[in-house]
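What follows is a short report on a single structure.
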Amino acid sequence: MSDTAAPPPTTPGPARRARPRQSDIARAAGVSQATVSLVLRNAASGVALSPETRRRVLRAAEDLGYVPDPVATRLASARNGMLGLYTFSTTFPTDVAHSYYPVLVGVEEEAAAQGQDLILFTGASRAAGTGGDA
């Protein structure tokens with residue numbers, strides 16, 4: 001028998017998200033999620049927040065290691081700089097000879113010229129139920 005005692009069993013805690021959310025900050029700071037949003041956006045939308053409330057929210061965000069999600073931030077703005085392109089096909093064409101390829105290249109080039117990010121969506125799930133590409 002060993003002289004060293006085994007460590008006490010640990011009880012697994014709740015699963016921790018990889019990235020804290022604004023709701024986590026709100027809980028830690030004791031404020032609403034709307035208040036957290038106002039503080040993190042540094043919004044002055046006619047809502048008076050005390051300096052102490054702002055400090056609590058910012059402290060909780062720092063303690064939790066909160067980093068804004070860039071996609072969510074852009075989606076929340078009025079102009080997100082994203083352009084979506086949908087095809088009923090299961091994939092976008094990569095063969096230069098495909099009739100749709102020049103259209104795709106043109107959209108990509110114009111999106112870049114306009115400072116837009118291009119998001120491509122395919123109809124893979126729908127096409128699978130209908131027997132393939134439309």
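Each chain in the structure tokens gets a letter, A, B and so on, in the order shown; residues start at 1 in every chain, and ligands are counted from 1 in the order they appear.
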
Q. Leaving out segment 60-71 of chain A and any residue of its chain fewer than 4 positions from it, which residues lie within 8 Å of it when counting only C-alpha atoms, given as a ChimeraX atom specification?
A. /A:19-21,25,28-29,56,75

Q.
Report as a PyMOL selection string all protein, DNA and RNA residues lying within 8 Å of segment 35-49 of chain A, evaluated on only C-alpha atoms, omitting residues in the same chain fewer than 6 positions from it.
A. chain A and resi 22+25-26+57-58

Q) To one decimal place, how far is atom CA of Arg54 of chain A from atom CA of Ala72 of chain A in Å? A) 21.6 Å

Q: Using DSSP on the backbone coordinates, identify the residues of segment 12-115 of chain A assigned to strand (DSSP E); present them as number ranges by chain.
A: A: 82-87
